[in-house]
file coords-v9.txt (compact mmCIF, C-alpha atoms)
# COMPACT_ATOMS: atom_id res chain seq x y z
CA MET A 1447 -126.49 -86.67 39.96
CA SER A 1448 -129.15 -84.01 40.60
CA ALA A 1449 -130.47 -81.69 37.92
CA PHE A 1450 -128.87 -78.80 39.80
CA GLY A 1451 -125.49 -80.54 39.60
CA LEU A 1452 -125.87 -81.02 35.84
CA VAL A 1453 -126.64 -77.33 35.41
CA GLU A 1454 -123.59 -76.39 37.45
CA GLU A 1455 -121.44 -78.77 35.37
CA ARG A 1456 -122.69 -77.37 32.03
CA LYS A 1457 -122.40 -73.73 33.04
CA PRO A 1458 -118.63 -73.38 32.45
CA VAL A 1459 -119.01 -74.95 29.00
CA GLU A 1460 -121.79 -72.55 28.07
CA GLU A 1461 -119.78 -69.63 29.37
CA GLN A 1462 -116.81 -70.74 27.30
CA LEU A 1463 -118.97 -70.98 24.18
CA TRP A 1464 -120.48 -67.57 24.87
CA GLU A 1465 -117.06 -66.00 25.43
CA SER A 1466 -115.77 -67.66 22.26
CA GLU A 1467 -118.70 -66.25 20.28
CA LEU A 1468 -118.09 -62.78 21.73
CA ARG A 1469 -114.41 -62.95 20.79
CA THR A 1470 -115.26 -64.09 17.26
CA ARG A 1471 -117.88 -61.37 16.85
CA ALA A 1472 -115.49 -58.70 18.21
CA PHE A 1473 -112.78 -59.89 15.86
CA CYS A 1474 -115.13 -59.76 12.83
CA ASP A 1475 -116.71 -56.42 13.80
CA ASN A 1476 -113.31 -54.76 14.19
CA SER A 1477 -111.96 -56.11 10.89
CA PRO A 1478 -111.44 -53.56 8.09
CA ASN A 1479 -112.62 -56.26 5.67
CA LEU A 1480 -116.23 -57.00 4.84
CA ILE A 1481 -117.16 -60.42 6.26
CA PHE A 1482 -120.35 -62.38 5.62
CA LEU A 1483 -122.01 -65.77 5.93
CA LYS A 1484 -124.79 -67.09 3.67
CA ASP A 1485 -126.88 -70.24 3.85
CA THR A 1486 -127.06 -72.69 0.95
CA GLU A 1487 -130.03 -70.73 -0.41
CA LEU A 1488 -127.63 -67.75 -0.59
CA ARG A 1489 -129.47 -65.72 2.06
CA TYR A 1490 -127.32 -63.72 4.46
CA LEU A 1491 -126.91 -65.28 7.91
CA TYR A 1492 -124.40 -62.75 9.23
CA VAL A 1493 -122.48 -59.65 8.16
CA ASN A 1494 -119.98 -57.66 10.20
CA ARG A 1495 -120.15 -53.92 10.99
CA GLU A 1496 -117.90 -52.97 8.07
CA PHE A 1497 -120.29 -54.72 5.67
CA GLU A 1498 -123.24 -52.79 7.14
CA ARG A 1499 -121.28 -49.52 7.03
CA ALA A 1500 -120.31 -50.02 3.38
CA LEU A 1501 -123.86 -50.80 2.23
CA ARG A 1502 -125.61 -48.42 4.65
CA VAL A 1503 -128.39 -50.96 5.11
CA GLU A 1504 -129.78 -51.64 8.59
CA GLN A 1505 -131.23 -55.11 8.13
CA ILE A 1506 -129.28 -57.50 5.88
CA ARG A 1507 -129.85 -60.85 7.55
CA GLY A 1508 -132.30 -63.00 5.60
CA LYS A 1509 -131.87 -61.02 2.39
CA ARG A 1510 -130.28 -62.08 -0.89
CA ASP A 1511 -127.93 -60.12 -3.10
CA LEU A 1512 -130.81 -59.13 -5.39
CA ASP A 1513 -132.37 -57.27 -2.41
CA LEU A 1514 -129.16 -55.26 -1.90
CA PHE A 1515 -127.56 -54.79 -5.31
CA GLY A 1516 -128.53 -54.29 -8.93
CA PRO A 1517 -129.61 -57.33 -10.99
CA GLU A 1518 -126.30 -57.67 -12.87
CA GLN A 1519 -124.13 -57.38 -9.75
CA ALA A 1520 -126.36 -59.75 -7.77
CA ALA A 1521 -126.29 -62.34 -10.54
CA ASN A 1522 -122.50 -62.17 -10.68
CA PHE A 1523 -122.11 -62.51 -6.89
CA GLU A 1524 -124.48 -65.47 -6.68
CA ALA A 1525 -122.88 -67.17 -9.69
CA ASN A 1526 -119.56 -67.07 -7.85
CA ASP A 1527 -121.23 -68.38 -4.68
CA LEU A 1528 -122.61 -71.34 -6.63
CA LYS A 1529 -119.13 -72.13 -7.99
CA VAL A 1530 -117.88 -72.48 -4.42
CA LEU A 1531 -120.86 -74.60 -3.39
CA GLU A 1532 -120.37 -76.87 -6.41
CA ALA A 1533 -116.59 -77.15 -6.03
CA GLY A 1534 -116.66 -77.47 -2.24
CA VAL A 1535 -113.34 -75.61 -1.93
CA PRO A 1536 -112.31 -71.98 -1.28
CA ILE A 1537 -112.09 -69.77 -4.39
CA GLU A 1538 -111.01 -66.14 -4.84
CA PHE A 1539 -112.90 -63.77 -7.15
CA GLU A 1540 -112.53 -60.16 -8.28
CA GLU A 1541 -115.94 -58.54 -7.88
CA VAL A 1542 -117.25 -55.02 -8.45
CA ALA A 1543 -120.00 -53.54 -6.25
CA LEU A 1544 -121.67 -50.15 -6.70
CA HIS A 1545 -121.39 -48.07 -3.51
CA GLU A 1546 -122.68 -44.55 -2.83
CA ASP A 1547 -119.32 -43.07 -3.91
CA GLY A 1548 -119.13 -45.16 -7.06
CA PRO A 1549 -117.99 -48.67 -8.08
CA HIS A 1550 -115.64 -50.51 -5.74
CA THR A 1551 -113.43 -53.41 -6.84
CA SER A 1552 -112.71 -56.14 -4.30
CA ILE A 1553 -110.91 -59.44 -3.99
CA VAL A 1554 -113.45 -61.79 -2.38
CA HIS A 1555 -112.26 -65.01 -0.72
CA LYS A 1556 -115.27 -67.34 -0.57
CA PHE A 1557 -115.22 -70.69 1.24
CA PRO A 1558 -117.66 -73.46 2.20
CA LEU A 1559 -118.52 -74.29 5.83
CA LEU A 1560 -118.98 -78.00 6.60
CA ASP A 1561 -120.95 -79.69 9.35
CA ALA A 1562 -119.78 -82.74 11.31
CA ALA A 1563 -120.95 -85.01 8.50
CA GLY A 1564 -118.91 -83.08 5.94
CA LYS A 1565 -121.97 -81.52 4.31
CA ILE A 1566 -121.89 -77.86 3.25
CA TYR A 1567 -124.32 -75.84 5.35
CA ALA A 1568 -123.13 -72.29 4.62
CA ILE A 1569 -120.72 -70.19 2.58
CA GLY A 1570 -118.44 -67.57 4.06
CA GLY A 1571 -116.75 -64.59 2.45
CA ILE A 1572 -113.98 -62.13 3.27
CA VAL A 1573 -113.99 -59.02 1.07
CA THR A 1574 -110.83 -56.94 0.59
CA ASP A 1575 -111.51 -53.60 -1.11
CA ILE A 1576 -108.71 -52.86 -3.61
CA THR A 1577 -110.31 -49.82 -5.23
CA GLU A 1578 -107.75 -47.29 -3.97
CA ARG A 1579 -104.93 -49.70 -4.73
CA LYS A 1580 -106.13 -50.03 -8.33
CA ARG A 1581 -106.58 -46.27 -8.67
CA SER A 1582 -103.05 -45.70 -7.33
CA ARG A 1583 -101.68 -48.32 -9.70
CA GLN A 1584 -103.46 -46.71 -12.65
CA ALA A 1585 -102.21 -43.24 -11.64
CA LEU A 1586 -98.69 -44.62 -11.32
CA GLN A 1587 -98.95 -46.23 -14.75
CA LEU A 1588 -100.15 -42.94 -16.30
CA ALA A 1589 -97.29 -41.07 -14.61
CA GLN A 1590 -94.82 -43.67 -15.87
CA GLU A 1591 -96.15 -43.39 -19.42
CA GLU A 1592 -95.94 -39.59 -19.31
CA LEU A 1593 -92.40 -39.75 -17.94
CA GLU A 1594 -91.42 -42.11 -20.72
CA ARG A 1595 -92.92 -39.73 -23.29
CA VAL A 1596 -91.03 -36.78 -21.76
CA ALA A 1597 -87.82 -38.81 -21.95
CA ARG A 1598 -88.50 -39.53 -25.64
CA VAL A 1599 -89.18 -35.84 -26.31
CA THR A 1600 -85.93 -34.93 -24.54
CA ILE A 1601 -83.92 -37.38 -26.62
CA MET A 1602 -85.59 -36.19 -29.82
CA GLY A 1603 -84.74 -32.62 -28.83
CA GLU A 1604 -81.09 -33.62 -28.56
CA LEU A 1605 -81.32 -35.09 -32.07
CA THR A 1606 -82.95 -32.05 -33.69
CA ALA A 1607 -79.95 -31.17 -35.87
CA SER A 1608 -79.41 -34.78 -36.86
CA ILE A 1609 -83.08 -35.28 -37.78
CA ALA A 1610 -83.18 -32.00 -39.70
CA HIS A 1611 -80.22 -33.22 -41.75
CA GLU A 1612 -81.92 -36.58 -42.32
CA ILE A 1613 -85.04 -34.85 -43.67
CA ASN A 1614 -83.23 -32.11 -45.60
CA GLN A 1615 -81.33 -34.66 -47.69
CA PRO A 1616 -84.43 -36.12 -49.43
CA LEU A 1617 -86.08 -32.69 -49.62
CA THR A 1618 -83.00 -31.30 -51.38
CA SER A 1619 -83.06 -34.26 -53.76
CA ILE A 1620 -86.76 -33.65 -54.47
CA VAL A 1621 -86.18 -29.96 -55.27
CA THR A 1622 -83.14 -30.72 -57.45
CA ASN A 1623 -84.92 -33.39 -59.46
CA ALA A 1624 -88.08 -31.32 -59.76
CA ASN A 1625 -86.08 -28.40 -61.20
CA ALA A 1626 -84.34 -30.81 -63.58
CA CYS A 1627 -87.70 -32.17 -64.74
CA SER A 1628 -88.95 -28.63 -65.31
CA ARG A 1629 -85.93 -27.79 -67.48
CA MET A 1630 -86.14 -31.03 -69.46
CA LEU A 1631 -89.86 -30.61 -70.08
CA GLY A 1632 -89.17 -27.11 -71.40
CA ALA A 1633 -86.79 -28.46 -74.02
CA LYS A 1634 -87.90 -28.90 -77.64
CA SER A 1635 -87.28 -32.65 -77.49
CA PRO A 1636 -87.65 -33.80 -73.83
CA ASP A 1637 -85.70 -36.93 -72.88
CA MET A 1638 -88.50 -39.01 -71.38
CA LYS A 1639 -86.11 -41.61 -69.97
CA GLU A 1640 -84.25 -38.97 -67.95
CA ILE A 1641 -87.53 -37.40 -66.85
CA THR A 1642 -88.88 -40.80 -65.76
CA ALA A 1643 -85.68 -41.49 -63.79
CA ALA A 1644 -85.88 -38.06 -62.12
CA VAL A 1645 -89.54 -38.62 -61.15
CA ALA A 1646 -88.60 -42.02 -59.70
CA ASP A 1647 -85.87 -40.32 -57.65
CA ILE A 1648 -88.43 -37.78 -56.40
CA ALA A 1649 -90.79 -40.56 -55.31
CA GLU A 1650 -87.99 -42.45 -53.53
CA ALA A 1651 -86.79 -39.32 -51.70
CA ALA A 1652 -90.35 -38.40 -50.68
CA THR A 1653 -90.91 -41.92 -49.33
CA HIS A 1654 -87.70 -41.71 -47.30
CA ALA A 1655 -88.67 -38.33 -45.81
CA SER A 1656 -92.13 -39.66 -45.01
CA GLU A 1657 -90.64 -42.67 -43.21
CA VAL A 1658 -88.40 -40.45 -41.08
CA ILE A 1659 -91.34 -38.22 -40.11
CA SER A 1660 -93.49 -41.29 -39.39
CA ARG A 1661 -90.84 -42.68 -37.03
CA ILE A 1662 -90.60 -39.34 -35.23
CA ARG A 1663 -94.37 -39.14 -34.81
CA MET A 1664 -94.49 -42.70 -33.51
CA LEU A 1665 -91.79 -42.02 -30.92
CA LEU A 1666 -93.50 -38.85 -29.73
CA LYS A 1667 -97.04 -40.16 -29.71
CA LYS A 1668 -99.06 -40.32 -26.51
CA GLY A 1669 -101.42 -43.23 -26.26
CA THR A 1670 -102.15 -46.63 -24.82
CA LEU A 1671 -99.60 -49.40 -24.98
CA GLU A 1672 -100.05 -51.83 -27.84
CA ARG A 1673 -98.44 -55.24 -27.65
CA GLU A 1674 -98.00 -56.84 -31.06
CA PRO A 1675 -95.57 -59.17 -32.86
CA VAL A 1676 -92.37 -57.18 -33.43
CA TYR A 1677 -89.18 -57.74 -35.44
CA LEU A 1678 -86.40 -56.25 -33.35
CA ASN A 1679 -84.19 -55.88 -36.43
CA GLU A 1680 -86.76 -53.46 -37.88
CA ILE A 1681 -86.77 -51.52 -34.61
CA ILE A 1682 -82.97 -51.25 -34.71
CA ARG A 1683 -82.87 -50.17 -38.36
CA GLY A 1684 -85.58 -47.56 -37.79
CA VAL A 1685 -83.70 -46.03 -34.85
CA LEU A 1686 -80.43 -46.03 -36.83
CA THR A 1687 -82.20 -43.98 -39.52
CA LEU A 1688 -83.09 -41.33 -36.92
CA THR A 1689 -79.59 -41.26 -35.44
CA GLN A 1690 -77.65 -41.39 -38.72
CA GLY A 1691 -76.80 -37.70 -38.62
CA GLU A 1692 -75.59 -37.91 -35.01
CA ILE A 1693 -73.44 -40.93 -35.89
CA LEU A 1694 -71.81 -39.10 -38.81
CA LYS A 1695 -71.35 -35.87 -36.84
CA ASN A 1696 -69.48 -37.69 -34.08
CA GLN A 1697 -67.44 -39.79 -36.52
CA ILE A 1698 -68.77 -43.08 -35.20
CA ALA A 1699 -67.94 -46.29 -37.03
CA MET A 1700 -71.31 -48.05 -37.00
CA GLN A 1701 -71.16 -51.85 -37.14
CA THR A 1702 -74.31 -53.97 -37.31
CA ASP A 1703 -74.46 -57.74 -36.95
CA LEU A 1704 -78.18 -58.54 -37.07
CA CYS A 1705 -79.38 -62.14 -37.05
CA ALA A 1706 -80.89 -62.90 -40.46
CA GLU A 1707 -83.60 -65.11 -38.92
CA LEU A 1708 -84.48 -63.40 -35.67
CA PRO A 1709 -87.66 -64.75 -33.98
CA LEU A 1710 -90.60 -62.44 -33.34
CA VAL A 1711 -91.17 -60.98 -29.89
CA LEU A 1712 -94.39 -59.63 -28.40
CA GLY A 1713 -93.98 -56.00 -27.46
CA ASP A 1714 -94.97 -52.37 -27.70
CA ARG A 1715 -93.14 -50.99 -30.72
CA VAL A 1716 -92.79 -47.43 -29.38
CA GLU A 1717 -91.43 -48.57 -26.02
CA LEU A 1718 -88.87 -50.88 -27.60
CA GLN A 1719 -87.82 -48.09 -30.00
CA GLN A 1720 -87.28 -45.89 -26.96
CA VAL A 1721 -85.02 -48.48 -25.31
CA VAL A 1722 -82.88 -48.98 -28.43
CA LEU A 1723 -82.74 -45.21 -29.10
CA ASN A 1724 -81.58 -44.49 -25.58
CA LEU A 1725 -78.87 -47.18 -25.69
CA ILE A 1726 -77.53 -45.89 -29.02
CA ILE A 1727 -77.50 -42.26 -27.84
CA ASN A 1728 -75.76 -43.29 -24.62
CA GLY A 1729 -73.16 -45.18 -26.66
CA ILE A 1730 -72.52 -42.15 -28.89
CA GLU A 1731 -72.23 -39.78 -25.93
CA ALA A 1732 -69.85 -42.17 -24.13
CA MET A 1733 -67.35 -41.74 -26.97
CA THR A 1734 -67.44 -37.97 -27.50
CA SER A 1735 -64.33 -37.49 -25.33
CA ILE A 1736 -62.35 -40.22 -27.11
CA THR A 1737 -59.74 -38.64 -29.42
CA ASN A 1738 -56.89 -41.15 -29.46
CA ALA A 1739 -58.76 -44.28 -30.57
CA PRO A 1740 -61.45 -45.29 -33.06
CA ARG A 1741 -65.05 -44.69 -32.03
CA LYS A 1742 -66.94 -47.89 -32.72
CA LEU A 1743 -70.55 -48.74 -32.01
CA PRO A 1744 -71.26 -52.42 -32.75
CA ILE A 1745 -74.95 -53.36 -32.57
CA ARG A 1746 -75.89 -57.02 -32.56
CA SER A 1747 -79.03 -59.13 -32.49
CA ALA A 1748 -79.06 -62.87 -31.93
CA ALA A 1749 -81.40 -65.76 -31.25
CA LEU A 1750 -80.75 -67.44 -27.91
CA GLU A 1751 -81.95 -71.01 -27.84
CA PRO A 1752 -84.50 -72.05 -26.97
CA ASP A 1753 -86.76 -69.14 -26.18
CA ALA A 1754 -85.18 -65.67 -26.22
CA VAL A 1755 -83.57 -63.02 -28.40
CA LEU A 1756 -80.62 -60.81 -27.49
CA VAL A 1757 -79.82 -57.23 -28.51
CA SER A 1758 -76.52 -55.62 -27.55
CA VAL A 1759 -75.16 -52.08 -28.04
CA GLN A 1760 -71.44 -51.71 -27.40
CA ASP A 1761 -69.25 -48.61 -27.36
CA THR A 1762 -65.52 -47.95 -27.13
CA GLY A 1763 -65.83 -45.12 -24.64
CA VAL A 1764 -64.26 -44.70 -21.20
CA GLY A 1765 -66.42 -47.37 -19.61
CA ILE A 1766 -68.42 -47.11 -16.39
CA ASP A 1767 -66.87 -46.31 -13.03
CA PRO A 1768 -66.96 -49.57 -11.02
CA GLY A 1769 -68.36 -47.59 -8.09
CA ASN A 1770 -71.37 -46.62 -10.20
CA MET A 1771 -72.16 -50.04 -11.69
CA HIS A 1772 -74.78 -50.80 -9.02
CA ARG A 1773 -76.41 -47.36 -9.50
CA ILE A 1774 -76.43 -47.08 -13.27
CA PHE A 1775 -80.10 -48.11 -13.54
CA GLU A 1776 -81.30 -46.06 -10.55
CA PRO A 1777 -83.81 -43.27 -11.32
CA PHE A 1778 -82.24 -39.79 -11.48
CA PHE A 1779 -78.67 -41.13 -11.36
CA THR A 1780 -76.57 -39.81 -14.23
CA SER A 1781 -72.94 -39.24 -15.05
CA LYS A 1782 -73.84 -36.89 -17.93
CA LEU A 1783 -73.83 -33.13 -17.48
CA GLY A 1784 -77.44 -31.97 -17.66
CA GLY A 1785 -78.76 -35.53 -17.99
CA MET A 1786 -82.16 -36.53 -16.62
CA GLY A 1787 -80.94 -39.79 -15.16
CA MET A 1788 -84.14 -41.53 -16.30
CA GLY A 1789 -83.24 -43.14 -19.63
CA LEU A 1790 -81.72 -46.36 -18.30
CA ALA A 1791 -84.18 -46.61 -15.42
CA ILE A 1792 -87.10 -46.34 -17.83
CA GLY A 1793 -85.38 -48.72 -20.26
CA ARG A 1794 -85.00 -51.40 -17.61
CA SER A 1795 -88.61 -50.91 -16.51
CA ILE A 1796 -89.80 -51.32 -20.12
CA ILE A 1797 -87.75 -54.45 -20.73
CA GLU A 1798 -88.83 -56.02 -17.44
CA SER A 1799 -92.49 -55.25 -18.24
CA HIS A 1800 -91.89 -57.31 -21.41
CA GLN A 1801 -90.61 -60.18 -19.20
CA GLY A 1802 -87.05 -59.49 -20.32
CA ARG A 1803 -83.78 -58.43 -18.72
CA LEU A 1804 -81.49 -55.41 -19.31
CA TRP A 1805 -77.97 -55.25 -17.94
CA VAL A 1806 -74.53 -53.71 -18.58
CA GLU A 1807 -70.96 -54.96 -18.63
CA SER A 1808 -68.01 -52.57 -18.54
CA GLN A 1809 -64.28 -52.63 -18.92
CA PRO A 1810 -62.56 -49.31 -17.99
CA ASP A 1811 -60.99 -47.54 -20.97
CA ARG A 1812 -62.48 -50.12 -23.31
CA GLY A 1813 -66.13 -49.14 -23.22
CA ALA A 1814 -69.36 -50.74 -22.11
CA VAL A 1815 -71.89 -53.10 -23.61
CA PHE A 1816 -75.58 -52.83 -22.78
CA GLN A 1817 -77.61 -55.94 -23.49
CA PHE A 1818 -81.21 -56.96 -23.18
CA THR A 1819 -83.10 -60.18 -23.77
CA LEU A 1820 -86.78 -60.68 -24.58
CA PRO A 1821 -88.81 -63.90 -24.76
CA ILE A 1822 -89.81 -64.98 -28.24
CA LEU A 1823 -93.48 -64.94 -29.18
CA ASP A 1824 -94.98 -68.23 -27.99
CA GLY A 1825 -96.09 -70.60 -30.68
CA VAL A 1826 -94.90 -68.40 -33.56
CA GLN A 1827 -92.10 -69.61 -35.80
CA HIS A 1828 -92.04 -66.64 -38.22
CA ARG A 1829 -88.70 -64.93 -38.27
CA GLY A 1830 -87.60 -61.44 -39.17
CA ARG A 1831 -85.03 -60.09 -41.53
call {"tool": "encode", "arguments": {"input": "coords-v9.txt", "output": "C-alpha cells"}}
result
Amino acid sequence: MSAFGLVEERKPVEEQLWESELRTRAFCDNSPNLIFLKDTELRYLYVNREFERALRVEQIRGKRDLDLFGPEQAANFEANDLKVLEAGVPIEFEEVALHEDGPHTSIVHKFPLLDAAGKIYAIGGIVTDITERKRSRQALQLAQEELERVARVTIMGELTASIAHEINQPLTSIVTNANACSRMLGAKSPDMKEITAAVADIAEAATHASEVISRIRMLLKKGTLEREPVYLNEIIRGVLTLTQGEILKNQIAMQTDLCAELPLVLGDRVELQQVVLNLIINGIEAMTSITNAPRKLPIRSAALEPDAVLVSVQDTGVGIDPGNMHRIFEPFFTSKLGGMGMGLAIGRSIIESHQGRLWVESQPDRGAVFQFTLPILDGVQHRGR
C-alpha cells in the first residue's frame, strides 16, 4: 500500500481522536467543578476554565501548589496527592483553599491515572465547592438553636407563677427561720440546739432556691451545644422540680417509675431538659379539661436491652385526634389555643440529633403516651440513680 493510502486510512482515526479530545475538553471547561490533572511530580498538566477562573491565574500548567497557594495549604494539598499515589485508589478529601473572597471549603475527589502497563502516570482531581452549603447549614443550625431557645423561654413564661411559688417557699422558710434565730439570740439563755437547727433549715432552703434558679438559668442559656454523659433520671427530677407548682395547681397525680440503674447516655443536658419539660407541660395541658376522672401523669424510665434507654410521659387526657396523628410532630401544627406548634417538632429534632426516636401512641378518651429512646453511652457501664 502506498504512503498516501496509509495517510488516508489513518485520517479518520486521527479525526476521531481529535473530536474525542474536543468533546472531553468542552465537557471539562463547561463543568461548574474545578478539574485538574497533575503528573507524578505533582506539577499541573491541565486545569479547566473554572479552575483558572477561581484562582485568577493565567498560566497554571507546569506549576506546583506552592506556586499558587500559601505554604500550609500547598503542603496539605500535596500530602493528600501523595496518599492517592501511594494507595493507588481514588480518595475523597475535604480541603480549604484561600480565594480572593475568603476561604473556600471543597470536597476533592482525587484518583490515579494508569497507563497500559498499570503504572500510575498522573493524578486527577474533581473539586466540588461546598462553602455556601456549609454556610447555609451553619445559618440553619444557628436559627434552629435560637428557635429552641425561644421555645424554652415561652414555656418558662407559661410557668412563671409555678416557678415563683417554687422559689417563694424556700425564701419564706429562710425569712421565718432567720427571724426565729434573731428572737432566740436575743433571749437571756439562747437555746443553741434550736438555733443550730434553724440555721441548718436556712442553709437547706437557700440551697433549694439556688438549685431552682440554676435550672432556670440553664434552660434559658444561649450557647454552644455540649454533649456529655447524662443521667436521664436527673434530667427528669430537675424538670419535675420546675413544674411542681403547675402539677399541684392543676391537681395532677404525679407518678414516677424511674429505673434504679439507668445507663448513661451521651447528650446535651439543656436540650434533653427541653424535651422532657415540653412533654410534661403537654401532658398537664392535655388534662386541664378533664373533670370527671383522675388526672394522672405517669413518668417512666427504663433500660432497653441491649443498647438503649426509654423515657415515657403518659397523661389521662382526651387523647389525640386520629386525623392529627400524622401531623402531631409537624412544625407550626398545634391543637392548643395560642400554641406555637414548635415544641414537639423541636423535641423530635433534638432526639433524632441524639440518634434516638420520639413517637406518640394515643387512645381516645384515655390519653396519650409520648416516648423516646436514646442509645446508651458506648463502652460505659456506669449507671444512674
call {"tool": "residues_around", "arguments": {"input": "coords-v9.txt", "residues": "Val1621 in chain A", "least_positions_apart": "6", "cutoff": "12 Å", "atoms": "only C-alpha atoms", "output": "ChimeraX atom specification"}}
result
/A:1614-1615,1627-1628,1644-1645,1647-1649,1651-1652
call {"tool": "atom_distance", "arguments": {"input": "coords-v9.txt", "atom1": "CA of Thr1687 in chain A", "atom2": "CA of Glu1776 in chain A"}}
result
29.1 Å
call {"tool": "residues_around", "arguments": {"input": "coords-v9.txt", "residues": "Asp1575 in chain A", "least_positions_apart": "6", "cutoff": "8 Å", "atoms": "only C-alpha atoms", "output": "number ranges by chain"}}
result
A: 1479, 1550-1553
call {"tool": "atom_distance", "arguments": {"input": "coords-v9.txt", "atom1": "CA of Gly1548 in chain A", "atom2": "CA of Leu1480 in chain A"}}
result
17.0 Å
call {"tool": "closest_atom_pairs", "arguments": {"input": "coords-v9.txt", "of": "range 1717-1786 of chain A", "to": "range 1671-1683 of chain A", "cutoff": "8 Å", "atoms": "all atoms listed in the file", "output": "CSV"}}
result
residue,atom,partner,partner_atom,distance
A:Leu1718,CA,A:Ile1681,CA,7.3
A:Gln1719,CA,A:Ile1681,CA,5.8
A:Val1722,CA,A:Ile1682,CA,6.7
A:Ser1747,CA,A:Asn1679,CA,7.3
call {"tool": "write_last_selection", "arguments": {"input": "coords-v9.txt", "atoms": "C-alpha atoms", "output": "PDB file, keeping the file's coordinate frame"}}
result
ATOM      1  CA  LEU A1718     -88.870 -50.880 -27.600  1.00  0.00           C
ATOM      2  CA  GLN A1719     -87.820 -48.090 -30.000  1.00  0.00           C
ATOM      3  CA  VAL A1722     -82.880 -48.980 -28.430  1.00  0.00           C
ATOM      4  CA  SER A1747     -79.030 -59.130 -32.490  1.00  0.00           C
TER       5      SER A1747
END
call {"tool": "atom_distance", "arguments": {"input": "coords-v9.txt", "atom1": "CA of Ala1521 in chain A", "atom2": "CA of Ser1477 in chain A"}}
result
26.5 Å
call {"tool": "residues_around", "arguments": {"input": "coords-v9.txt", "residues": "range 1727-1733 of chain A", "least_positions_apart": "3", "cutoff": "8 Å", "atoms": "all atoms listed in the file", "output": "PyMOL selection string"}}
result
chain A and resi 1689+1693+1696+1698+1723-1724+1736+1741+1743+1759-1765+1813
call {"tool": "closest_residue", "arguments": {"input": "coords-v9.txt", "among": "A:Leu1560, A:Met1700, A:Leu1512, A:Ala1500", "to": "Val1535 in chain A", "atoms": "all atoms listed in the file"}}
result
A:Leu1560
call {"tool": "closest_residue", "arguments": {"input": "coords-v9.txt", "among": "A:Ala1748, A:Cys1705, A:Leu1694, A:Leu1790", "to": "Val1721 in chain A", "atoms": "only C-alpha atoms"}}
result
A:Leu1790
call {"tool": "closest_residue", "arguments": {"input": "coords-v9.txt", "among": "A:Pro1558, A:Gly1564, A:Gly1802, A:Pro1478", "to": "Asp1753 in chain A", "atoms": "all atoms listed in the file"}}
result
A:Gly1802
call {"tool": "axis_aligned_box", "arguments": {"input": "coords-v9.txt", "around": "range 1469-1485 of chain A", "padding_each_side": "8 Å", "output": "lines of an AutoDock Vina configuration file"}}
result
center_x = -119.2
center_y = -61.9
center_z = 12.2
size_x = 31.4
size_y = 32.7
size_z = 33.1
